[in-house]
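Data from upload.cif: mmCIF, C-alpha atoms
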```cif
data_input
#
loop_
_atom_site.label_atom_id
_atom_site.label_comp_id
_atom_site.auth_asym_id
_atom_site.auth_seq_id
_atom_site.Cartn_x
_atom_site.Cartn_y
_atom_site.Cartn_z
CA MET A 1 57.57 1.05 33.17
CA PRO A 2 60.82 0.31 31.30
CA ILE A 3 61.76 -3.23 30.34
CA ALA A 4 65.01 -2.74 32.25
CA PHE A 5 63.02 -2.20 35.43
CA VAL A 6 61.33 -5.56 35.18
CA THR A 7 64.62 -7.28 34.48
CA SER A 8 66.36 -5.70 37.46
CA LEU A 9 63.43 -6.12 39.84
CA THR A 10 62.95 -9.75 38.87
CA ALA A 11 66.58 -10.35 39.79
CA VAL A 12 66.12 -8.69 43.15
CA LEU A 13 62.89 -10.52 43.96
CA SER A 14 64.35 -13.83 42.87
CA ALA A 15 67.14 -13.62 45.46
CA PRO A 16 66.66 -15.87 48.52
CA LEU A 17 64.78 -14.01 51.22
CA LEU A 18 66.78 -15.89 53.83
CA ALA A 19 69.49 -13.36 53.08
CA VAL A 20 67.45 -10.75 54.88
CA GLY A 21 66.21 -13.07 57.59
CA LEU A 22 62.67 -13.55 56.34
CA GLY A 23 63.00 -17.26 55.64
CA MET A 24 60.42 -17.20 52.86
CA PRO A 25 60.38 -18.59 49.30
CA ALA A 26 62.29 -16.64 46.69
CA LEU A 27 60.15 -14.11 44.86
CA ALA A 28 60.21 -14.57 41.13
CA ALA A 29 57.55 -12.20 39.93
CA ALA A 30 57.75 -8.50 39.21
CA PRO A 31 55.28 -5.80 38.30
CA ALA A 32 54.67 -5.34 34.63
CA LEU A 33 56.57 -2.81 32.62
CA ARG A 34 55.06 0.38 31.32
CA THR A 35 57.24 1.90 28.64
CA PRO A 36 55.82 5.20 27.39
CA THR A 37 55.00 4.81 23.73
CA ALA A 38 57.54 6.77 21.71
CA SER A 39 55.12 7.26 18.84
CA VAL A 40 52.69 9.18 21.02
CA ALA A 41 53.18 12.76 19.87
CA ARG A 42 53.37 15.42 22.56
CA ALA A 43 50.23 17.47 22.81
CA THR A 44 50.59 21.15 22.13
CA ALA A 45 47.04 22.40 22.49
CA ALA A 46 45.66 23.29 25.90
CA GLN A 47 43.23 20.78 27.40
CA PRO A 48 40.65 21.07 30.19
CA SER A 49 42.30 21.42 33.60
CA ALA A 50 40.59 18.35 35.09
CA ALA A 51 37.59 16.10 34.80
CA GLN A 52 34.77 18.01 36.42
CA PRO A 53 33.44 16.08 39.40
CA ALA A 54 29.76 15.22 39.36
CA ALA A 55 27.62 16.31 42.28
CA GLY A 56 28.23 13.60 44.84
CA ARG A 57 29.37 12.98 48.37
CA SER A 58 33.12 12.82 48.93
CA GLY A 59 34.15 9.21 49.52
CA ALA A 60 30.80 7.79 48.39
CA ALA A 61 32.23 5.39 45.79
CA ALA A 62 35.10 4.33 48.05
CA LYS A 63 32.69 3.35 50.81
CA ARG A 64 30.40 1.61 48.33
CA TYR A 65 33.09 -0.64 46.89
CA LEU A 66 35.71 -1.00 49.64
CA GLY A 67 34.15 0.36 52.80
CA THR A 68 35.49 3.14 55.01
CA SER A 69 39.21 3.79 54.61
CA ALA A 70 41.61 3.59 57.55
CA SER A 71 43.43 6.70 56.37
CA ARG A 72 42.01 10.17 56.90
CA LEU A 73 41.32 10.40 53.18
CA PRO A 74 37.87 9.92 51.62
CA TRP A 75 39.33 7.16 49.44
CA HIS A 76 41.60 4.16 50.07
CA SER A 77 45.27 5.07 49.77
CA GLY A 78 48.35 2.86 49.83
CA ALA A 79 51.56 2.01 48.01
CA TRP A 80 53.82 -0.47 46.34
CA VAL A 81 56.76 -0.16 48.73
CA GLY A 82 59.56 -1.78 46.73
CA GLY A 83 62.19 -4.10 48.16
CA TRP A 84 61.11 -7.29 49.88
CA MET A 85 57.37 -7.85 49.64
CA ASN A 86 55.99 -8.46 53.15
CA ALA A 87 53.43 -7.24 55.67
CA LYS A 88 55.94 -5.30 57.76
CA ARG A 89 57.06 -3.15 54.84
CA ALA A 90 53.57 -2.64 53.48
CA SER A 91 52.34 -1.57 56.91
CA ALA A 92 55.28 0.79 57.45
CA TRP A 93 54.07 3.10 54.68
CA GLY A 94 51.37 4.36 57.03
CA PRO A 95 53.54 5.46 59.98
CA TRP A 96 56.04 7.02 57.58
CA ARG A 97 53.48 9.29 55.96
CA GLY A 98 51.39 9.79 59.11
CA THR A 99 48.15 8.02 58.10
CA PRO A 100 47.44 4.25 57.90
CA SER A 101 48.01 2.52 54.59
CA ASP A 102 44.83 1.09 53.10
CA SER A 103 46.29 -1.07 50.34
CA THR A 104 49.36 -2.56 48.73
CA LEU A 105 50.10 -4.15 45.37
CA THR A 106 51.09 -7.75 44.81
CA PHE A 107 51.89 -9.86 41.75
CA PRO A 108 52.09 -13.67 41.38
CA GLU A 109 54.70 -15.82 39.75
CA TRP A 110 53.50 -16.22 36.19
CA ASN A 111 56.15 -17.63 33.90
CA THR A 112 53.90 -20.63 33.16
CA TRP A 113 50.30 -21.70 33.72
CA THR A 114 51.48 -23.97 36.53
CA GLN A 115 53.20 -21.10 38.32
CA LEU A 116 50.21 -18.82 37.92
CA GLN A 117 47.83 -21.44 39.29
CA ASN A 118 49.96 -22.43 42.27
CA SER A 119 51.62 -19.16 43.31
CA THR A 120 50.55 -18.26 46.85
CA TRP A 121 53.64 -16.69 48.45
CA HIS A 122 52.58 -13.30 47.14
CA ILE A 123 49.42 -13.61 49.24
CA ASP A 124 50.95 -15.22 52.33
CA THR A 125 53.82 -12.75 52.57
CA PHE A 126 51.30 -10.02 53.44
CA ARG A 127 49.76 -11.95 56.32
CA GLY A 128 49.42 -9.37 59.10
CA PHE A 129 48.95 -6.39 56.78
CA LYS A 130 45.60 -4.91 57.76
CA GLY A 131 44.98 -3.24 54.42
CA ARG A 132 43.64 -4.65 51.18
CA LEU A 133 45.65 -6.49 48.54
CA VAL A 134 45.60 -5.11 45.01
CA TYR A 135 46.29 -8.20 42.96
CA GLY A 136 47.77 -7.90 39.46
CA LEU A 137 46.28 -10.90 37.65
CA PRO A 138 47.80 -11.82 34.28
CA LEU A 139 45.35 -13.18 31.74
CA LEU A 140 48.17 -15.26 30.28
CA PRO A 141 51.54 -16.48 31.59
CA ARG A 142 54.74 -14.97 30.28
CA ASN A 143 55.38 -17.90 27.94
CA ALA A 144 52.04 -17.47 26.15
CA LYS A 145 51.02 -15.46 23.11
CA PRO A 146 48.12 -13.00 22.77
CA SER A 147 46.30 -15.40 20.46
CA GLN A 148 45.80 -17.71 23.45
CA LEU A 149 43.29 -15.26 24.92
CA THR A 150 40.67 -17.09 22.91
CA ALA A 151 41.38 -20.24 24.92
CA VAL A 152 40.90 -18.30 28.14
CA ALA A 153 37.60 -16.94 26.85
CA ALA A 154 36.51 -20.45 25.90
CA GLY A 155 37.03 -21.63 29.48
CA LYS A 156 40.06 -23.84 28.87
CA HIS A 157 41.90 -22.26 31.80
CA ASP A 158 39.01 -21.88 34.21
CA ALA A 159 40.74 -24.16 36.73
CA THR A 160 43.67 -21.74 37.02
CA PHE A 161 41.55 -18.70 37.72
CA ARG A 162 39.19 -20.61 39.98
CA LYS A 163 42.22 -21.70 42.02
CA VAL A 164 43.52 -18.12 42.28
CA ALA A 165 40.13 -16.97 43.57
CA LYS A 166 39.95 -19.86 46.03
CA ASP A 167 43.46 -19.09 47.32
CA LEU A 168 42.57 -15.45 47.90
CA ARG A 169 39.37 -16.37 49.71
CA SER A 170 40.83 -19.18 51.83
CA ARG A 171 43.79 -17.02 52.88
CA GLY A 172 41.60 -14.22 54.14
CA ARG A 173 41.94 -12.04 51.05
CA GLY A 174 38.55 -12.63 49.52
CA THR A 175 37.87 -8.90 49.23
CA SER A 176 41.01 -8.08 47.28
CA VAL A 177 40.98 -5.75 44.29
CA VAL A 178 41.86 -7.86 41.24
CA ARG A 179 43.34 -6.06 38.24
CA ILE A 180 42.47 -8.53 35.51
CA GLY A 181 44.83 -8.22 32.53
CA TRP A 182 46.14 -4.79 33.49
CA GLU A 183 47.73 -2.51 30.88
CA ALA A 184 46.60 -4.60 27.91
CA ASN A 185 46.71 -1.52 25.66
CA GLY A 186 50.52 -1.58 25.81
CA THR A 187 52.93 -3.81 23.94
CA TRP A 188 54.81 -5.44 26.84
CA MET A 189 52.31 -8.02 28.09
CA PRO A 190 51.70 -11.50 26.67
CA PHE A 191 48.02 -10.50 26.73
CA SER A 192 48.59 -7.15 24.98
CA VAL A 193 46.11 -6.61 22.16
CA THR A 194 45.43 -4.28 19.27
CA SER A 195 42.33 -2.51 18.06
CA ALA A 196 41.67 -5.48 15.78
CA THR A 197 42.02 -8.07 18.57
CA ALA A 198 40.37 -6.08 21.38
CA LYS A 199 37.42 -8.47 21.41
CA ASN A 200 39.71 -11.30 22.53
CA TYR A 201 40.71 -9.29 25.57
CA ARG A 202 37.14 -8.36 26.44
CA ASN A 203 35.96 -11.95 26.19
CA ALA A 204 38.86 -13.32 28.23
CA TYR A 205 38.40 -10.69 30.94
CA ARG A 206 34.68 -11.45 31.16
CA ARG A 207 35.23 -15.19 31.48
CA VAL A 208 37.85 -14.80 34.22
CA ALA A 209 35.76 -12.31 36.20
CA GLN A 210 32.72 -14.59 36.08
CA VAL A 211 34.68 -17.66 37.16
CA MET A 212 36.42 -15.86 40.01
CA LYS A 213 33.29 -14.09 41.25
CA LYS A 214 31.51 -17.41 41.62
CA GLU A 215 34.36 -18.79 43.71
CA ALA A 216 34.98 -15.63 45.75
CA PRO A 217 31.96 -13.27 45.63
CA GLY A 218 33.71 -10.54 47.63
CA LEU A 219 36.41 -9.83 45.06
CA VAL A 220 36.42 -6.39 43.43
CA PHE A 221 37.46 -6.27 39.76
CA ALA A 222 39.41 -3.39 38.23
CA PHE A 223 39.75 -2.57 34.55
CA ASP A 224 43.16 -0.88 34.31
CA ILE A 225 44.83 0.43 31.17
CA ASN A 226 48.13 2.28 30.85
CA CYS A 227 47.62 6.03 30.56
CA GLY A 228 49.63 7.75 27.84
CA THR A 229 49.94 4.65 25.64
CA GLN A 230 48.17 4.32 22.32
CA LEU A 231 46.27 1.16 21.50
CA ARG A 232 47.88 -0.20 18.34
CA GLY A 233 45.62 0.40 15.37
CA GLN A 234 43.51 2.96 17.17
CA THR A 235 41.38 5.40 15.22
CA ASN A 236 40.44 7.45 18.27
CA ARG A 237 42.67 8.44 21.17
CA LEU A 238 40.13 6.95 23.62
CA ASP A 239 40.12 3.50 22.00
CA SER A 240 42.16 2.04 24.89
CA LEU A 241 39.12 2.65 27.04
CA THR A 242 36.21 2.21 24.69
CA LYS A 243 37.43 -0.83 22.74
CA LEU A 244 38.87 -2.78 25.68
CA TYR A 245 36.17 -2.15 28.27
CA PRO A 246 34.67 -5.57 29.06
CA GLY A 247 31.31 -4.45 30.40
CA ASN A 248 29.61 -2.97 33.44
CA ASP A 249 28.57 -6.37 34.80
CA VAL A 250 32.17 -7.52 35.31
CA VAL A 251 33.86 -4.27 36.35
CA GLN A 252 33.64 -2.30 39.59
CA LEU A 253 36.65 -0.01 39.21
CA ILE A 254 38.03 1.79 36.14
CA GLY A 255 41.54 3.20 36.19
CA CYS A 256 45.03 3.37 34.76
CA SER A 257 48.70 3.31 35.66
CA ALA A 258 49.86 6.93 35.64
CA TYR A 259 53.44 8.18 35.86
CA ASP A 260 55.16 11.53 35.52
CA TRP A 261 56.68 10.85 32.13
CA ASP A 262 56.20 11.25 28.39
CA VAL A 263 52.86 12.76 27.35
CA ILE A 264 51.30 12.26 30.79
CA GLY A 265 54.12 13.93 32.74
CA ALA A 266 53.95 17.55 33.90
CA ASN A 267 56.07 20.18 35.63
CA SER A 268 53.99 23.29 34.84
CA GLU A 269 50.35 24.26 34.68
CA ALA A 270 50.44 24.25 30.88
CA SER A 271 51.97 20.77 30.67
CA TRP A 272 49.54 19.49 33.31
CA ARG A 273 46.57 20.64 31.25
CA ARG A 274 47.97 18.81 28.25
CA SER A 275 48.89 15.69 30.21
CA ILE A 276 45.50 14.85 31.66
CA SER A 277 43.95 14.56 28.19
CA PRO A 278 46.82 13.99 25.72
CA ALA A 279 46.30 14.61 22.02
CA LYS A 280 46.78 10.99 20.98
CA ALA A 281 46.27 8.86 24.08
CA VAL A 282 44.23 8.53 27.26
CA GLY A 283 45.02 10.66 30.31
CA VAL A 284 43.77 10.68 33.89
CA ALA A 285 40.96 13.13 33.14
CA ASP A 286 39.70 10.85 30.39
CA VAL A 287 39.69 7.87 32.74
CA ALA A 288 37.72 9.84 35.35
CA LYS A 289 35.19 10.96 32.76
CA PHE A 290 34.82 7.40 31.47
CA ALA A 291 34.31 6.03 34.99
CA ARG A 292 31.61 8.64 35.63
CA ALA A 293 29.85 7.79 32.39
CA LYS A 294 29.83 4.09 33.31
CA GLY A 295 28.74 4.74 36.90
CA LYS A 296 31.85 3.02 38.26
CA GLY A 297 34.50 3.74 40.84
CA LEU A 298 37.76 5.41 39.80
CA SER A 299 41.12 3.90 40.75
CA PHE A 300 44.81 4.47 40.17
CA SER A 301 46.41 1.23 41.27
CA GLU A 302 49.80 2.66 40.35
CA TRP A 303 50.95 6.25 40.08
CA GLY A 304 54.22 8.00 40.77
CA LEU A 305 57.29 9.93 39.78
CA ALA A 306 59.64 8.96 36.96
CA PRO A 307 63.38 9.60 36.42
CA LYS A 308 64.70 12.13 33.97
CA ASN A 309 66.53 9.46 31.99
CA ARG A 310 63.13 7.88 31.25
CA ASP A 311 61.55 11.10 29.96
CA GLY A 312 60.31 11.99 33.44
CA HIS A 313 60.91 14.97 35.72
CA GLY A 314 62.68 13.35 38.66
CA ASP A 315 62.01 14.91 42.06
CA ASN A 316 58.89 16.82 41.07
CA PRO A 317 56.71 18.15 43.91
CA PHE A 318 54.54 19.87 41.30
CA TYR A 319 53.33 16.50 40.03
CA ILE A 320 52.62 15.26 43.55
CA ARG A 321 50.55 18.36 44.31
CA LYS A 322 48.60 18.19 41.03
CA MET A 323 47.78 14.52 41.50
CA LYS A 324 46.49 15.23 45.01
CA GLN A 325 44.38 18.09 43.67
CA PHE A 326 43.04 15.78 40.97
CA PHE A 327 42.19 13.13 43.55
CA ASP A 328 40.43 15.72 45.72
CA ALA A 329 38.43 17.01 42.74
CA ASN A 330 37.20 13.49 42.03
CA ALA A 331 36.81 12.32 45.62
CA ASP A 332 33.18 11.37 45.06
CA ILE A 333 34.13 8.58 42.63
CA LEU A 334 37.77 7.90 43.58
CA VAL A 335 37.97 4.55 45.31
CA MET A 336 41.70 3.85 45.56
CA GLU A 337 45.17 5.11 44.67
CA ASN A 338 48.59 3.59 45.35
CA TYR A 339 51.89 5.43 45.07
CA PHE A 340 54.51 3.32 43.27
CA ASN A 341 57.48 3.66 45.62
CA GLU A 342 60.26 1.87 43.74
CA PRO A 343 63.96 2.69 44.31
CA GLY A 344 65.14 0.47 41.43
CA LYS A 345 67.51 2.33 39.12
CA THR A 346 65.11 2.42 36.17
CA MET A 347 62.26 3.91 38.24
CA LEU A 348 63.94 5.93 41.03
CA SER A 349 60.52 6.88 42.40
CA SER A 350 61.22 6.23 46.07
CA LEU A 351 59.92 8.71 48.62
CA TRP A 352 61.07 6.75 51.68
CA THR A 353 64.06 7.88 53.71
CA GLU A 354 65.64 4.44 53.26
CA ALA A 355 66.16 5.46 49.63
CA PRO A 356 65.85 9.28 49.65
CA GLN A 357 65.70 9.76 45.90
CA ASN A 358 63.03 12.45 45.84
CA PRO A 359 63.24 14.42 49.11
CA LYS A 360 61.24 17.45 47.99
CA SER A 361 58.40 15.32 46.68
CA ALA A 362 58.53 13.12 49.78
CA ALA A 363 58.12 16.11 52.08
CA LEU A 364 55.11 17.35 50.14
CA TYR A 365 53.53 13.89 49.95
CA ARG A 366 53.75 13.50 53.73
CA GLN A 367 52.24 16.94 54.18
CA LEU A 368 49.32 16.31 51.81
CA TRP A 369 48.57 12.74 52.78
#
```
Can the structure in the file be given as structure tokens, please?
Amino acid sequence: MPIAFVTSLTAVLSAPLLAVGLGMPALAAAPALRTPTASVARATAAQPSAAQPAAGRSGAAAKRYLGTSASRLPWHSGAWVGGWMNAKRASAWGPWRGTPSDSTLTFPEWNTWTQLQNSTWHIDTFRGFKGRLVYGLPLLPRNAKPSQLTAVAAGKHDATFRKVAKDLRSRGRGTSVVRIGWEANGTWMPFSVTSATAKNYRNAYRRVAQVMKKEAPGLVFAFDINCGTQLRGQTNRLDSLTKLYPGNDVVQLIGCSAYDWDVIGANSEASWRRSISPAKAVGVADVAKFARAKGKGLSFSEWGLAPKNRDGHGDNPFYIRKMKQFFDANADILVMENYFNEPGKTMLSSLWTEAPQNPKSAALYRQLW
């Protein structure tokens, strides 16, 4: 997502929540940005229409990893709801669409190691939400550099990650989905890596997963890249998956952040076929195929619409319908998906009537979900 989005959302979340009567600590963290890589050339050749689902029972992987969903869907389905992060808003997604919400995203404060280790508001604010937290866990704080991943891998920051796991467990969130070092194939994270430094990411991820699993055995770990973004230095378009994957023993879910923009956006059948397996980057079909090959669950912790001024298609019911069809086609391995409902001016992906930015897409989403 654009850098401007993080800047604006950080400002909003940092405002005192007393202003809206919640009486909670100011929120200083924001979801990570996902700028589509400009150098990714648009694909022109037709690609397969979707990853072909393996013979399997619909909802089998979802039940295996997260249990039976509260929604009527075979998989767990929820949303990032934008605005003030709290249980009431996260829960309201369900009644709005007509089926209970299974999950919601949360992110800690992470400007420094101290913040990352001690941030708990982002857990406590969802007390009362019956669904599962999808926890974006940075491998490094914002003030760090990618080279410091080696210190994480060496165990020098075990105390921080052990504390995060303990906080999740002790606050009743010991079965959360933890997205360790999400979107590391991009360029916007302090833990972003290249093809040459991919090993540092793998080693750091493995160390953190092992430390946290010992402290909170019920946690579920997700390996999430950013679809549509090339790994710097790649020699194969699938390098974001193959070179960053940390190993079957520390991963339960494989997925990506997917938005209707750049090479992974679509507003026609032809563009959809190109978007799911782009010529120079990873698409949703590639992620599904990779998850199948590894015998893991498939997840899309973030997906959604994108504004036209960010190379997206705006209010695009076509994209909503195609994503639902894709989810249905992979229902045997799909474990979770969360719509990214963000009204901020650099995302404009809101489906809710409180910010009716995409009314046509909203109507179709409510019908399909």
* **Selected residue of minimal separation from Asp167 in chain A among A:Glu342, A:Asp124, A:Glu183, A:Glu269, counting only C-alpha atoms** =>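 Smallest separation from Asp167 in chain A among the options: A:Asp124.
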Please evaluate the PyMOL selection byres ((chain A and resi 304) around 6) against the structure above and give the resulting residues as an mmCIF file with C-alpha atoms, in the frame of the given file.
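Saved result, out_38.cif, follows:
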```cif
data_model
loop_
_atom_site.group_PDB
_atom_site.id
_atom_site.type_symbol
_atom_site.label_atom_id
_atom_site.label_comp_id
_atom_site.auth_asym_id
_atom_site.auth_seq_id
_atom_site.Cartn_x
_atom_site.Cartn_y
_atom_site.Cartn_z
ATOM 1 C CA TYR A 259 53.440 8.180 35.860
ATOM 2 C CA TRP A 303 50.950 6.250 40.080
ATOM 3 C CA LEU A 305 57.290 9.930 39.780
ATOM 4 C CA TYR A 339 51.890 5.430 45.070
ATOM 5 C CA PHE A 340 54.510 3.320 43.270
#
```
* To do: Kindly indicate which residue among A:Val208, A:Ala288, A:Gly128, A:Ser192 lies nearest to Gln230 in chain A, using only C-alpha atoms for the distances.
  => A:Ser192
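Residues surrounding Lys163 in chain A within 12 Å are Trp113, Thr114, Gln115, Leu116, Gln117, Asn118, Ser119, Thr120, His157, Asp158, Leu168, Arg169, Ser170, Arg171, Val208, Val211, Met212, Lys213, Lys214, Glu215 and Ala216 of chain A [all atoms listed in the file; sequence separation below 5 positions excluded].
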* Asked: Distance CA of Gly94 in chain A-CA of Val251 in chain A, one decimal place?
  ->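 Interatomic distance, CA of Gly94 in chain A to CA of Val251 in chain A: 28.4 Å.
Selection by the PyMOL selection byres ((chain A and resi 61) around 9) on the present file picks out Arg57, Ser58, Gly59, Ala60, Ala62, Lys63, Arg64, Tyr65, Leu66, Gly67, Trp75, Lys296, Gly297, Leu298, Ala331, Asp332, Ile333, Leu334 and Val335 of chain A.
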* Atom pair CA of Gln325 in chain A / CA of Trp272 in chain A: separation (Å) -> 11.7 Å
Once the PyMOL selection byres ((chain A and resi 139) around 12) has been applied to the shown file, what residues remain in the selection, as an mmCIF file with C-alpha atoms, keeping the file's coordinate frame?
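Output (result_38.cif):
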```cif
data_model
loop_
_atom_site.group_PDB
_atom_site.id
_atom_site.type_symbol
_atom_site.label_atom_id
_atom_site.label_comp_id
_atom_site.auth_asym_id
_atom_site.auth_seq_id
_atom_site.Cartn_x
_atom_site.Cartn_y
_atom_site.Cartn_z
ATOM 1 C CA PRO A 108 52.090 -13.670 41.380
ATOM 2 C CA TRP A 110 53.500 -16.220 36.190
ATOM 3 C CA ASN A 111 56.150 -17.630 33.900
ATOM 4 C CA THR A 112 53.900 -20.630 33.160
ATOM 5 C CA TRP A 113 50.300 -21.700 33.720
ATOM 6 C CA LEU A 116 50.210 -18.820 37.920
ATOM 7 C CA GLN A 117 47.830 -21.440 39.290
ATOM 8 C CA GLY A 136 47.770 -7.900 39.460
ATOM 9 C CA LEU A 137 46.280 -10.900 37.650
ATOM 10 C CA PRO A 138 47.800 -11.820 34.280
ATOM 11 C CA LEU A 140 48.170 -15.260 30.280
ATOM 12 C CA PRO A 141 51.540 -16.480 31.590
ATOM 13 C CA ARG A 142 54.740 -14.970 30.280
ATOM 14 C CA ASN A 143 55.380 -17.900 27.940
ATOM 15 C CA ALA A 144 52.040 -17.470 26.150
ATOM 16 C CA LYS A 145 51.020 -15.460 23.110
ATOM 17 C CA PRO A 146 48.120 -13.000 22.770
ATOM 18 C CA SER A 147 46.300 -15.400 20.460
ATOM 19 C CA GLN A 148 45.800 -17.710 23.450
ATOM 20 C CA LEU A 149 43.290 -15.260 24.920
ATOM 21 C CA THR A 150 40.670 -17.090 22.910
ATOM 22 C CA ALA A 151 41.380 -20.240 24.920
ATOM 23 C CA VAL A 152 40.900 -18.300 28.140
ATOM 24 C CA ALA A 153 37.600 -16.940 26.850
ATOM 25 C CA HIS A 157 41.900 -22.260 31.800
ATOM 26 C CA ASP A 158 39.010 -21.880 34.210
ATOM 27 C CA THR A 160 43.670 -21.740 37.020
ATOM 28 C CA PHE A 161 41.550 -18.700 37.720
ATOM 29 C CA VAL A 164 43.520 -18.120 42.280
ATOM 30 C CA VAL A 178 41.860 -7.860 41.240
ATOM 31 C CA ARG A 179 43.340 -6.060 38.240
ATOM 32 C CA ILE A 180 42.470 -8.530 35.510
ATOM 33 C CA GLY A 181 44.830 -8.220 32.530
ATOM 34 C CA TRP A 182 46.140 -4.790 33.490
ATOM 35 C CA GLU A 183 47.730 -2.510 30.880
ATOM 36 C CA ALA A 184 46.600 -4.600 27.910
ATOM 37 C CA MET A 189 52.310 -8.020 28.090
ATOM 38 C CA PRO A 190 51.700 -11.500 26.670
ATOM 39 C CA PHE A 191 48.020 -10.500 26.730
ATOM 40 C CA SER A 192 48.590 -7.150 24.980
ATOM 41 C CA VAL A 193 46.110 -6.610 22.160
ATOM 42 C CA ASN A 200 39.710 -11.300 22.530
ATOM 43 C CA TYR A 201 40.710 -9.290 25.570
ATOM 44 C CA ARG A 202 37.140 -8.360 26.440
ATOM 45 C CA ASN A 203 35.960 -11.950 26.190
ATOM 46 C CA ALA A 204 38.860 -13.320 28.230
ATOM 47 C CA TYR A 205 38.400 -10.690 30.940
ATOM 48 C CA ARG A 206 34.680 -11.450 31.160
ATOM 49 C CA ARG A 207 35.230 -15.190 31.480
ATOM 50 C CA VAL A 208 37.850 -14.800 34.220
ATOM 51 C CA ALA A 209 35.760 -12.310 36.200
#
```
* Mind pulling up the distance from CA of Lys345 in chain A to CA of Arg274 in chain A? -> 27.8 Å
* To do: Determine, counting only C-alpha atoms, which protein, DNA and RNA residues have an atom within 12 Å of an atom of Thr242 in chain A; residues of the same chain fewer than 4 positions away are not included. Present the result as number ranges by chain.
  => A: 185, 195, 198-199, 202, 223, 225, 231, 234-238, 246-247, 254, 282, 286-287, 289-291, 293-294
Please enclose the listed atoms of range 237-251 of chain A in an axis-aligned box, pad each side by 4 Å, and write out the centre and the three edge lengths in Å, rounded to one decimal, as AutoDock Vina command-line options.
```
--center_x 35.6 --center_y 0.5 --center_z 28.8 --size_x 22.1 --size_y 24.0 --size_z 23.2
```
* Could you pull the residues within 8 Å of Trp261 in chain A, counting all atoms listed in the file, minus those fewer than 3 positions along the same chain, as a list in words? ->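 The residues satisfying every condition are Pro36, Ile264, Gly265, Ala266, Leu305, Ala306, Arg310, Asp311, Gly312 and His313 of chain A.
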